[in-house]
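In what follows, a single structure is set out as structure tokens and then discussed.
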Amino acid sequence: MRLMLHDNYGMSQASDMITVWPPIKWDEFRPNTREQILNHYYAYSSGCQKPTLFGGLALAAAGVASAGFGTAALAGAKAALIGIKTKAITGTASVIGVKSADLISKTVEDSAKKSADKASNTARQKARRMTDNRTEQDRIVDTYTREYNQMSSKGFQNNVAQLTLSELKTKLVAAKNSVKVAEGKCKKLPCDTAGCRNMGVLNARVQYLEALIKTYEGSGTSTPAEYNAKFTDKALTGKTSMGGFFSGVGLPALIIGGLILSRLKK
């Protein structure tokens with residue numbers, strides 16, 4: 001298949017489209033290993049009878065998280081475009097899309113690791129973690145794993161990948177409400193331990209939806225087709241800069257703790 005050049009990305013043929021949406025997938029974004037899950041949980045859940053801890057710690061971590069994502073996303077996209085221009089990435093549009101998305105994700109993850117180092121060793125996070133025994137930590141990991149399995153069985157990734165900007169915003173409202181319910185269970189006396197335990201993984205879902213929404217807004221697009229078409233136009237016209245791709249407000253700072261903290265290392 002030969003990729004055609006077009007002056008207007010809206011004129012690109014579907015067969016020529018380089019598919020890079022979503023720019024990072026849920027299974028890459030979420031915390032996956034035991035260590036990643038525990039790091040994320042202790043930063044993004046309040047824990048029983050500690051309603052004030054969530055606000056202070058989560059906001060501090062989010063501040064670190066938001067610092068580097070915009071640059072990383074732009075750098076990743078730029079790397080992909082340079083690869084296409086220099087023919088380092090070759091093949092059909094679908095193959096180019098996969099390799100381009102991989103480059104973007106890798107750049108985002110690398111930047112996230114550096115930012116995560118700043119948030120990983122807070123005294124409060126360590127103190128909370130020390131109060132939970134091995135059995136409780138096993139339950140936390142099981143909670144994340146169970147939620148992942150349920151989301152997978154319902155086709156979460158495929159469904160979310162097809163949503164428009166307005167549809168994602170609607171889904172985000174429901175996701176945030178779920179977090180509030182879990183947070184309320186953390187504040188109960190006696191604490192609803194099982195219900196409270198869900199707060200971390202529910203926040204990871206919120207963070208992923210927020211990341212996709214801000215990526216749409218930063219690129220000036222509102223559907224997967226528009227995002228892919230705009231990226232395709234930049235690539236096929238030989239441009240290796242993403243200048244103008246993320247128009248207007250640029251790429252807003254993202255609260256993407258799920259990605260940041262899923263890459264934490266001791």
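Please note that chains go A, B, ... in the order of the structure tokens, that every chain numbers its residues from 1, and that ligands are numbered from 1 in the order shown.
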
Shell of 8 Å around Leu103 of chain A, only C-alpha atoms, local chain residues under 3 positions omitted, as a ChimeraX atom specification: /A:76-77,79-80,99-100,106-107

Residues flagged helix (DSSP H, G or I) by DSSP in segment 124-259 of chain A, as a ChimeraX atom specification: /A:124-131,134-153,156-161,165-187,193-197,199-219,224-236,257-259

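The neighbours of Glu226 of chain A here are the residues that come within 10 Å of it, using only C-alpha atoms and leaving out any residue fewer than 3 positions away in the same chain; they are Tyr9, Gly10, Trp21, Thr164, Tyr216, Ser219, Gly220, Thr221, Ser222, Thr223, Ala229, Lys230, Phe231 and Thr232 of chain A.
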
Who sits within 12 Å of segment 177-180 of chain A, only C-alpha atoms, same chain under 2 positions skipped, as a compact mmCIF listing (two decimals) with C-alpha atoms, in the first residue's frame:
```
# COMPACT_ATOMS: atom_id res chain seq x y z
CA TYR A 44 -4.26 7.47 45.44
CA SER A 45 -6.44 6.06 48.20
CA SER A 46 -7.14 7.62 51.57
CA PRO A 51 -9.80 11.19 55.16
CA PHE A 54 -5.76 11.45 50.39
CA THR A 170 -19.69 11.72 30.40
CA LYS A 171 -17.87 8.53 31.32
CA LEU A 172 -15.46 10.50 33.51
CA VAL A 173 -18.33 11.89 35.60
CA ALA A 174 -19.53 8.38 36.38
CA ALA A 175 -15.98 7.23 37.15
CA ALA A 182 -15.31 4.42 47.73
CA GLU A 183 -13.86 7.42 49.58
CA GLY A 184 -17.03 7.63 51.65
CA LYS A 185 -16.53 4.03 52.70
CA CYS A 186 -13.02 4.91 53.86
CA LYS A 187 -14.47 7.54 56.21
CA GLY A 195 -15.21 -0.89 49.85
CA CYS A 196 -12.42 1.52 50.75
CA ARG A 197 -9.87 -0.75 49.12
CA ASN A 198 -11.44 -0.03 45.71
CA MET A 199 -10.52 3.63 45.83
CA GLY A 200 -7.06 3.25 44.35
CA VAL A 201 -7.97 1.26 41.27
CA LEU A 202 -11.04 3.43 40.64
CA ASN A 203 -8.74 6.45 40.66
CA ALA A 204 -6.49 4.77 38.10
CA ARG A 205 -9.48 4.53 35.79
CA VAL A 206 -10.31 8.21 36.35
CA GLN A 207 -6.72 9.20 35.59
```
